[in-house]
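Peer 1: Right, I'll just put the structure down here and ask away after.
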2 protein chains.
Amino acid sequence: MTDHRAIFQRAQAACASRECWSPYPEMPKLYPDAETAAPAGEAAFRAMLGKPFALDLPGVTGWVGEEVSPYTQAPLGITYPQADPQALFAAARAALPGWAAADPDARVMLLMEGLDRLYARLFTLVPAVMHTAGQSYNMAYAGSGVNALDRGIEALVYADQAMRSVTPRADWARRFGRDEIRLEKTYRLVPRGVAVCFTCASFATWNAWPSILASLATGNAVIVKPHPASVLPMAITVRVFRDLLAEQGFDPNLLTLCLDTVADPLGKVLIQHPDCAIVDFTGSARFGQWVEANAHPAIAFTETSGCNTVVLAGAEDLDAAIRSLATTMCMFSAQMCTSPQNVYLPPTVDTPDGPVPRDVVADRLAGAIDALTQDPRRAGMILATVQAPQTLGLIQWVRDQAAGRGRILLESRGYEHPDFPGARTATPLLVQVGKDAHDLYAEERFGPIGFVIDCDSPEDALHQATEDARSNGGITGFLYARDEGFIARAETAYARAGAQLTINLTGAMPLNFAAAYSDYHVTGLNGAGNATLTTLAFVASRFAVAQSRRPTRFHD
Amino acid sequence: MTDHRAIFQRAQAACASRECWSPYPEMPKLYPDAETAAPAGEAAFRAMLGKPFALDLPGVTGWVGEEVSPYTQAPLGITYPQADPQALFAAARAALPGWAAADPDARVMLLMEGLDRLYARLFTLVPAVMHTAGQSYNMAYAGSGVNALDRGIEALVYADQAMRSVTPRADWARRFGRDEIRLEKTYRLVPRGVAVCFTCASFATWNAWPSILASLATGNAVIVKPHPASVLPMAITVRVFRDLLAEQGFDPNLLTLCLDTVADPLGKVLIQHPDCAIVDFTGSARFGQWVEANAHPAIAFTETSGCNTVVLAGAEDLDAAIRSLATTMCMFSAQMCTSPQNVYLPPTVDTPDGPVPRDVVADRLAGAIDALTQDPRRAGMILATVQAPQTLGLIQWVRDQAAGRGRILLESRGYEHPDFPGARTATPLLVQVGKDAHDLYAEERFGPIGFVIDCDSPEDALHQATEDARSNGGITGFLYARDEGFIARAETAYARAGAQLTINLTGAMPLNFAAAYSDYHVTGLNGAGNATLTTLAFVASRFAVAQSRRPTRFHD
């Protein structure tokens with residue numbers, strides 16, 4: 001195993017300062033020996049297609065696989081071993097004692113090695129993510145690849161910090177009456193038990209890796225329950241870590257995979273299993289709420305949906321602001337939990353050249369989005385594909401609803417992907433509505449669907465936006481404004497609403513880019529989830545402290 | 001306000017090393033100017049009796065008070081303002097923004113000052129605890145007084161540590177394509193909201209102070225809901241902190257008191273209030289389980305009951321071990337959540353003088369308990385009183401159950417308290433049963449009730465004890481053994497069962513003494529509660545992190 005200590009220390013410093021840092025370059029061409037590694041990784045992916053995935057799990061009862069590539073709309077043909085949940089829990093429990101007894105530092109360093117080995121398979125993971133989640137090559141490489149690895153390291157940093165806050169032993173002496181009592185005390189970190197990690201269809205690794213690593217680092221076992229549409233990235237993850245655990249003398253059943261199907265979901269069975277001690281969940285708000293309310297006695301960490309809001313009250317450079325908004329609303333067809341959906345507009349937007357009427361701003365936003373989708377190559381890079389067929393139906397439903405209640409600013413249409421003619425694609429639908437259409441826009445409409453909402457004033461726009469974020473679960477908020485007093489009020493309002501705010505950002509950075517080691521993801525203050533990547537709260541309750549004390553034994 | 005920084009730094013060091021330390025001497029005679037302070041404090045207590053308690057709360061609808069002194073069995077006659085829960089939540093919410101905006105360090109130092117002011121009223125709190133909880137003078141002074149203050153400081157240390165792990169601001173710079181993006185980021189600690197702290201009848205301050213302080217330090221407001229039988233210590237606490245908050249320019253409604261009565265409990269109303277964000281609960285296992293399962297979306301920290309176990313397999317000095325056990329089983333009539341209840345005995349106990357038959361050990365334990373209760377003055381100091389009248393009925397019920405199923409080793413009887421002839425007292429009942437009486441002993445029987453349980457072997461005794469602790473919620477475990485291999489197995493078994501273990505302790509220290517800054521209280525691994533005093537997990541989820549980022553503004 002490589003010595004990961006220097007990198008880990010650098011990561012600790014980054015988490016403390018929240019400066020920009022990563023051990024992984026974000027551009028594929030900077031990958032070590034990329035010219036060889038890229039085609040080799042791609043070939044390894046191709047070799048998996050149409051075959052059973054080699055993964056040795058306990059209690060296998062059959063083989064299933066339902067993945068369909070959003071790029072080809074053809075099945076991947078990979079089948080995975082389906083294991084009996086009871087057998088997975090039993091195997092996980094049997095694996096626990098040896099792992100729990102290992103030195104926490106050794107666990108953390110082993111998991112750092114595991115991330116390195118995922119990095120070594122990055123060019124296999126990239127097509128695996130593309131052909132399940134439907135992301136672009138660049139996003140699969142960066143967002144689902146190196147950025148997700150960073151989130152994994154970050155979780156290890158906090159797990160390490162929480163565990164280090166407990167000293168392993170103490171000498172304690174005190175007088176009771178005439179007696180001097182001297183005790184030697186030992187403090188043992190006891191994992192909570194078996195964790196279940198639910199991963200989502202569109203962006204699995206970014207939440208899964210920190211969750212899995214937070215649980216493993218603190219001594220727990222993990223059963224990964226991937227969305228049936230996006231199994232492969234998780235199957236690769238599980239195989240890499242199982243091999244590493246076995247190689248290092250630990251029981252590989254510390255990390256297993258539980259497959260289910262859309263027709264026969266196993267989520268509730270796993271959560272209600274008496275041995276389920278921790279649940280990490282990324283997925284729908286509806287099931288996420290059920291998880292939070294019903295996981296007990298397991299503890300639950302959730303990230304569900306984002307009703308993400310934009311307040312556009314003013315801008316120094318309105319064109320630049322609109323370009324940034326348009327790009328971010330197009331990015332991966334708005335299938336990120338951080339994608340902006342609702343743009344709240346006052347009657348006029350304040351610019352150095354004077355107020356610009358709302359309808360003009362709305363039309364310019366529609367125009368900017370439209371312009372981004374005209375060139376198929378550019379559209380392919382930005383929009384990529386639509387992960388789920390149901391999303392196309394949702395776009396149509398919202399369009400029909402909005403047609404009678406507002407203005408269609410931009411129709412959605414399929415675009416021809418330059419490399420994948422069979423790709424499932426949709427350009428963004430953008431509609432303009434009044435506040436009376438609250439039922440339509442005030443929840444996440446997953447996919448390339450945007451709303452422009454007419455508000456009475458900048459203050460009203462801020463009020464509406466933050467109320468919707470608070471009530472319906474906003475993860476991100478975006479503000480453009482020129483008035484510093486208004487900006488300060490917005491910062492307070494968004495903090496109370498529990499959405500992470502980006503202000504007056506223009507330029508090449510996607511507005512919703514969340515940097516590991518620097519940006520906190522989800523506050524836990526609204527319905528978008530209860531867990532933050534990554535704080536001490538994300539890790540500290542995954543283990544307990546058991547102590548033992550006895551009179552000090554004096555040695556010669 | 002005094003400068004508390006030096007003391008706080010010393011407390012931080014103690015939490016890190018877990019060595020013995022306290023800023024407060026544990027003996028009343030070492031209290032500053034004790035000769036004057038003690039009678040003055042007692043007089044202040046006397047002056048409160050039979051009157052309305054002066055406490056200005058929002059939304060007062062009436063006055064209630066049901067406290068009866070276990071020492072006199074006469075009502076205290078104190079009435080307290082009963083406030084409408086809706087008004088308390090509204091007032092707490094209104095008070096939040098100013099407190100949340102305060103510097104976290106300033107909050108912590110203000111709360112340190114509050115603890116100092118409680119210390120200044122210690123000689124009033126002591127009789128308040130005695131005449132509600134029924135504790136002895138010494139226990140009210142130490143356990144409910146200075147030790148509880150220590151637990152409060154300890155909670156502040158961890159709250160401070162968790163908050164400091166979030167930097168308030170960062171400069172972040174990265175290249176995106178040709179653009180260099182520079183962002184200034186601010187991270188704001190956002191309190192979760194309004195906490196409700198339920199306190200118990202027999203030992204309120206020790207859990208309440210750390211819970212209240214953990215919530216307040218992290219920016220929340222707290223509504224204290226005391227057990228109707230033990231209001232006065234909490235009413236004094238709330239008044240002290242309200243006065244301090246107001247004096248320092250904060251809204252006193254950050255800390256309020258919600259009175260209810262045995263006939264009309266308000267617990268569920270408070271927990272299910274939409275503004276309830278945090279619940280701290282000390283009380284029955286039954287309601288505690290309900291709290292854990294139903295508090296969502298509020299987060300819950302619980303400490304309920306302890307089915308506490310002793311494995312007596314061997315001893316270097318059997319007499320000393322039995323003396324220690326007897327004393328600890330008598331302490332405050334076993335009304336502490338850490339009191340041992342079940343003594344698991346193998347057929348013989350291993351001593352340097354050879355094996356001692358179980359029945360001989362059982363009889364000697366009964367004899368030792370009996371000896372402690374013979375001298376009324378000593379009994380008064382150790383046993384003190386029985387807090388609740390129902391406990392006497394429970395003793396009788398267990399006695400009747402055990403009579404047909406085992407051996408009564410020691411009958412319970414009232415003893416005459418030397419200073420309070422009307423005191424409600426009971427010496428311990430000790431019964432010997434087989435494992436077939438599992439239904440009788442395998443849960444907490446609150447009060448002076450002990451079981452000796454016949455086991456097949458030392459290993460069987462360990463297995464039974466740790467299984468009962470794991471299944472029925474043990475907080476503490478006690479082991480006497482001579483075989484180091486057996487001790488090592490017991491440490492692992494108790495750690496997995498989630499009970500804090502004390503090994504081979506004899507001498508003047510009560511076996512169940514839990515030292516702040518050193519002993520972790522409750523593991524969260526079994527039904528005895530989910531919260532530990534004090535770890536990062538006890539504080540880290542009481543606040544969220546909200547961030548705001550914007551392009552860096554360059555100043556000349």
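We label chains A, B, ... in the order they appear in the structure tokens, count residues from 1 in each chain, and number ligands from 1 in the order shown.
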Up to 7 Å from chain A, what residues of chain B turn up? Count only C-alpha atoms and give them as a ChimeraX atom specification.
Peer 2: /B:16-20,162,165,167,170-174,176-177,179,192,293,296,491,495,498-505,507-509,523-525,536-537,540-541,544-551
Peer 1: Just the residues within 10 Å of region 353-357 of chain B, please, counting only C-alpha atoms, with nothing from its chain fewer than 3 positions along; format it as a CSV table (one decimal) with N, CA and C atoms, in the first residue's frame.
Peer 2:
```
chain,number,residue,atom,x,y,z
B,313,ALA,N,-17.2,-12.9,39.4
B,313,ALA,CA,-16.6,-14.2,39.1
B,313,ALA,C,-15.4,-14.6,40.0
B,314,GLY,N,-14.8,-13.5,40.5
B,314,GLY,CA,-13.7,-13.8,41.4
B,314,GLY,C,-13.2,-12.4,42.0
B,316,GLU,N,-9.8,-10.6,44.4
B,316,GLU,CA,-8.6,-10.7,45.3
B,316,GLU,C,-9.0,-10.6,46.7
B,317,ASP,N,-9.9,-9.7,47.0
B,317,ASP,CA,-10.4,-9.4,48.3
B,317,ASP,C,-11.9,-9.4,48.3
B,318,LEU,N,-12.5,-10.5,48.5
B,318,LEU,CA,-14.0,-10.7,48.3
B,318,LEU,C,-14.8,-9.8,49.2
B,345,LEU,N,-24.1,-14.4,39.4
B,345,LEU,CA,-23.1,-15.2,40.1
B,345,LEU,C,-22.9,-16.6,39.5
B,346,PRO,N,-21.7,-17.0,39.3
B,346,PRO,CA,-21.4,-18.5,38.9
B,346,PRO,C,-21.6,-19.3,40.2
B,347,PRO,N,-21.5,-20.6,40.0
B,347,PRO,CA,-21.7,-21.5,41.2
B,347,PRO,C,-20.7,-21.2,42.3
B,348,THR,N,-19.5,-20.9,42.0
B,348,THR,CA,-18.5,-20.5,43.0
B,348,THR,C,-17.8,-19.3,42.5
B,349,VAL,N,-17.3,-18.5,43.5
B,349,VAL,CA,-16.6,-17.3,43.2
B,349,VAL,C,-15.1,-17.5,43.6
B,350,ASP,N,-14.3,-17.2,42.6
B,350,ASP,CA,-12.8,-17.5,42.7
B,350,ASP,C,-12.1,-16.5,43.6
B,360,VAL,N,-23.1,-18.5,49.7
B,360,VAL,CA,-22.4,-17.8,50.7
B,360,VAL,C,-22.1,-16.4,50.3
B,361,VAL,N,-21.7,-16.2,49.1
B,361,VAL,CA,-21.5,-14.8,48.5
B,361,VAL,C,-22.8,-14.0,48.6
B,362,ALA,N,-23.9,-14.6,48.2
B,362,ALA,CA,-25.2,-13.9,48.2
B,362,ALA,C,-25.5,-13.5,49.6
```
Peer 1: As an MDAnalysis selection string, list the residues of region 276-498 of chain A assigned to strand (DSSP E or B) by DSSP on the backbone atoms of this structure.
Peer 2: chainID A and resid 276:282 299:303 309:312 314 342:345 348:350 356:357 407:410 429:433 449:454 476:480
Peer 1: Neighbouring residues of Ile408 (chain B) were defined as those with any atom within 12 Å, considering only C-alpha atoms; residues of the same chain fewer than 2 positions away were excluded. Please report them as a ChimeraX atom specification.
Peer 2: /B:359,362-363,366,396,398-406,410-412,428-433,449-452
Peer 1: Create the file for the chosen residues now, containing N, CA and C atoms and written as an mmCIF file, in the first residue's frame.
Peer 2:
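result27.cif, freshly written:
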```
data_model
loop_
_atom_site.group_PDB
_atom_site.id
_atom_site.type_symbol
_atom_site.label_atom_id
_atom_site.label_comp_id
_atom_site.auth_asym_id
_atom_site.auth_seq_id
_atom_site.Cartn_x
_atom_site.Cartn_y
_atom_site.Cartn_z
ATOM 1 N N ASP B 359 -24.102 -19.254 47.280
ATOM 2 C CA ASP B 359 -25.061 -18.851 48.303
ATOM 3 C C ASP B 359 -24.376 -18.133 49.455
ATOM 4 N N ALA B 362 -23.886 -14.628 48.191
ATOM 5 C CA ALA B 362 -25.169 -13.928 48.194
ATOM 6 C C ALA B 362 -25.536 -13.488 49.609
ATOM 7 N N ASP B 363 -25.347 -14.385 50.549
ATOM 8 C CA ASP B 363 -25.681 -14.040 51.930
ATOM 9 C C ASP B 363 -24.763 -12.941 52.465
ATOM 10 N N ALA B 366 -25.967 -9.673 51.143
ATOM 11 C CA ALA B 366 -27.157 -9.249 51.900
ATOM 12 C C ALA B 366 -26.747 -8.722 53.270
ATOM 13 N N GLN B 396 -42.670 -3.859 46.938
ATOM 14 C CA GLN B 396 -43.573 -4.896 47.458
ATOM 15 C C GLN B 396 -43.937 -5.895 46.360
ATOM 16 N N VAL B 398 -42.228 -6.663 43.601
ATOM 17 C CA VAL B 398 -41.092 -7.529 43.265
ATOM 18 C C VAL B 398 -40.876 -8.564 44.360
ATOM 19 N N ARG B 399 -41.024 -8.125 45.614
ATOM 20 C CA ARG B 399 -40.857 -9.059 46.736
ATOM 21 C C ARG B 399 -41.841 -10.220 46.618
ATOM 22 N N ASP B 400 -43.090 -9.904 46.319
ATOM 23 C CA ASP B 400 -44.116 -10.939 46.226
ATOM 24 C C ASP B 400 -43.830 -11.865 45.049
ATOM 25 N N GLN B 401 -43.415 -11.288 43.929
ATOM 26 C CA GLN B 401 -43.078 -12.099 42.763
ATOM 27 C C GLN B 401 -41.919 -13.035 43.082
ATOM 28 N N ALA B 402 -40.909 -12.463 43.729
ATOM 29 C CA ALA B 402 -39.687 -13.238 43.965
ATOM 30 C C ALA B 402 -39.896 -14.314 45.029
ATOM 31 N N ALA B 403 -40.788 -14.056 45.955
ATOM 32 C CA ALA B 403 -40.983 -14.993 47.066
ATOM 33 C C ALA B 403 -41.345 -16.382 46.547
ATOM 34 N N GLY B 404 -42.168 -16.436 45.517
ATOM 35 C CA GLY B 404 -42.575 -17.728 44.988
ATOM 36 C C GLY B 404 -41.567 -18.326 44.024
ATOM 37 N N ARG B 405 -40.583 -17.543 43.631
ATOM 38 C CA ARG B 405 -39.707 -18.005 42.545
ATOM 39 C C ARG B 405 -38.245 -18.066 42.956
ATOM 40 N N GLY B 406 -37.948 -17.621 44.169
ATOM 41 C CA GLY B 406 -36.538 -17.635 44.564
ATOM 42 C C GLY B 406 -36.427 -17.446 46.063
ATOM 43 N N LEU B 410 -32.824 -10.412 51.531
ATOM 44 C CA LEU B 410 -32.926 -9.284 52.457
ATOM 45 C C LEU B 410 -34.256 -8.584 52.209
ATOM 46 N N GLU B 411 -35.025 -8.453 53.291
ATOM 47 C CA GLU B 411 -36.306 -7.759 53.163
ATOM 48 C C GLU B 411 -36.082 -6.249 53.194
ATOM 49 N N SER B 412 -36.915 -5.535 52.483
ATOM 50 C CA SER B 412 -36.882 -4.076 52.552
ATOM 51 C C SER B 412 -37.732 -3.611 53.723
ATOM 52 N N PRO B 428 -32.800 -1.590 50.959
ATOM 53 C CA PRO B 428 -32.887 -2.406 49.747
ATOM 54 C C PRO B 428 -33.508 -3.788 49.976
ATOM 55 N N LEU B 429 -34.295 -4.173 49.000
ATOM 56 C CA LEU B 429 -34.753 -5.551 48.866
ATOM 57 C C LEU B 429 -33.710 -6.290 48.038
ATOM 58 N N LEU B 430 -33.277 -7.463 48.514
ATOM 59 C CA LEU B 430 -32.351 -8.262 47.710
ATOM 60 C C LEU B 430 -32.922 -9.665 47.586
ATOM 61 N N VAL B 431 -33.077 -10.119 46.359
ATOM 62 C CA VAL B 431 -33.651 -11.452 46.136
ATOM 63 C C VAL B 431 -32.716 -12.261 45.257
ATOM 64 N N GLN B 432 -32.792 -13.574 45.441
ATOM 65 C CA GLN B 432 -31.964 -14.474 44.635
ATOM 66 C C GLN B 432 -32.886 -15.314 43.764
ATOM 67 N N VAL B 433 -32.606 -15.305 42.472
ATOM 68 C CA VAL B 433 -33.478 -16.033 41.534
ATOM 69 C C VAL B 433 -32.627 -16.774 40.511
ATOM 70 N N ILE B 449 -33.891 -2.119 44.827
ATOM 71 C CA ILE B 449 -34.265 -3.489 44.495
ATOM 72 C C ILE B 449 -33.065 -4.136 43.822
ATOM 73 N N GLY B 450 -32.577 -5.234 44.377
ATOM 74 C CA GLY B 450 -31.440 -5.920 43.775
ATOM 75 C C GLY B 450 -31.739 -7.392 43.556
ATOM 76 N N PHE B 451 -31.117 -7.939 42.545
ATOM 77 C CA PHE B 451 -31.283 -9.355 42.229
ATOM 78 C C PHE B 451 -29.926 -10.038 42.228
ATOM 79 N N VAL B 452 -29.874 -11.217 42.828
ATOM 80 C CA VAL B 452 -28.734 -12.102 42.635
ATOM 81 C C VAL B 452 -29.224 -13.211 41.720
#
```
Peer 1: As JSON, numbers by chain, list the residues of region 135-342 of chain A assigned to helix (DSSP H, G or I) by DSSP on the backbone atoms of this structure.
Peer 2: {"A": [137, 138, 139, 140, 141, 142, 143, 144, 145, 146, 147, 148, 149, 150, 151, 152, 153, 154, 155, 156, 157, 158, 159, 160, 161, 162, 163, 164, 204, 205, 206, 207, 208, 209, 210, 211, 212, 213, 214, 215, 216, 217, 232, 233, 234, 235, 236, 237, 238, 239, 240, 241, 242, 243, 244, 245, 246, 247, 252, 253, 254, 267, 268, 269, 270, 271, 285, 286, 287, 288, 289, 290, 291, 292, 293, 294, 318, 319, 320, 321, 322, 323, 324, 325, 326, 327, 328, 329, 330, 331, 332, 333, 334]}
Peer 1: Using only C-alpha atoms, which protein or nucleic acid residues come within 6 Å of region 40-49 of chain A? Drop anything in the same chain fewer than 2 positions from it, and give the result as a list in words.
Peer 2: Ala37, Ala38, Lys51, Leu76, Gly77, Ile78, Phe123 and Thr124 of chain A
Peer 1: Could you save the residues just selected, with C-alpha atoms, as an mmCIF file, in the first residue's frame?
Peer 2:
```cif
data_model
loop_
_atom_site.group_PDB
_atom_site.id
_atom_site.type_symbol
_atom_site.label_atom_id
_atom_site.label_comp_id
_atom_site.auth_asym_id
_atom_site.auth_seq_id
_atom_site.Cartn_x
_atom_site.Cartn_y
_atom_site.Cartn_z
ATOM 1 C CA ALA A 37 -5.016 4.600 -19.584
ATOM 2 C CA ALA A 38 -8.034 6.118 -21.309
ATOM 3 C CA LYS A 51 -22.021 -10.405 -19.221
ATOM 4 C CA LEU A 76 -26.176 -2.788 -21.039
ATOM 5 C CA GLY A 77 -26.836 -6.490 -20.638
ATOM 6 C CA ILE A 78 -24.779 -6.710 -17.465
ATOM 7 C CA PHE A 123 -11.381 5.569 -17.216
ATOM 8 C CA THR A 124 -13.597 2.549 -16.623
#
```
Peer 1: I want to know what sits within 9 Å of Phe198 (chain B), based on only C-alpha atoms, with residues of the same chain fewer than 6 positions away left out; could you give that as a PyMOL selection string?
Peer 2: chain B and resi 204+208+223-227+267+279-283
Peer 1: Excluding same-chain residues fewer than 4 positions from Pro58 (chain A), what lies within 9 Å of it counting only C-alpha atoms, as a list in words?
Peer 2: Ala83, Asp84, Ala87, Leu88, Ala91, Asn253 and Thr256 of chain A
Peer 1: Residues within 9 Å of region 371-379 of chain B, please, as JSON, numbers by chain. Count only C-alpha atoms; anything in the same chain fewer than 6 positions from it doesn't count.
Peer 2: {"B": [326, 327, 330, 415, 416, 417, 418, 419, 427, 428]}
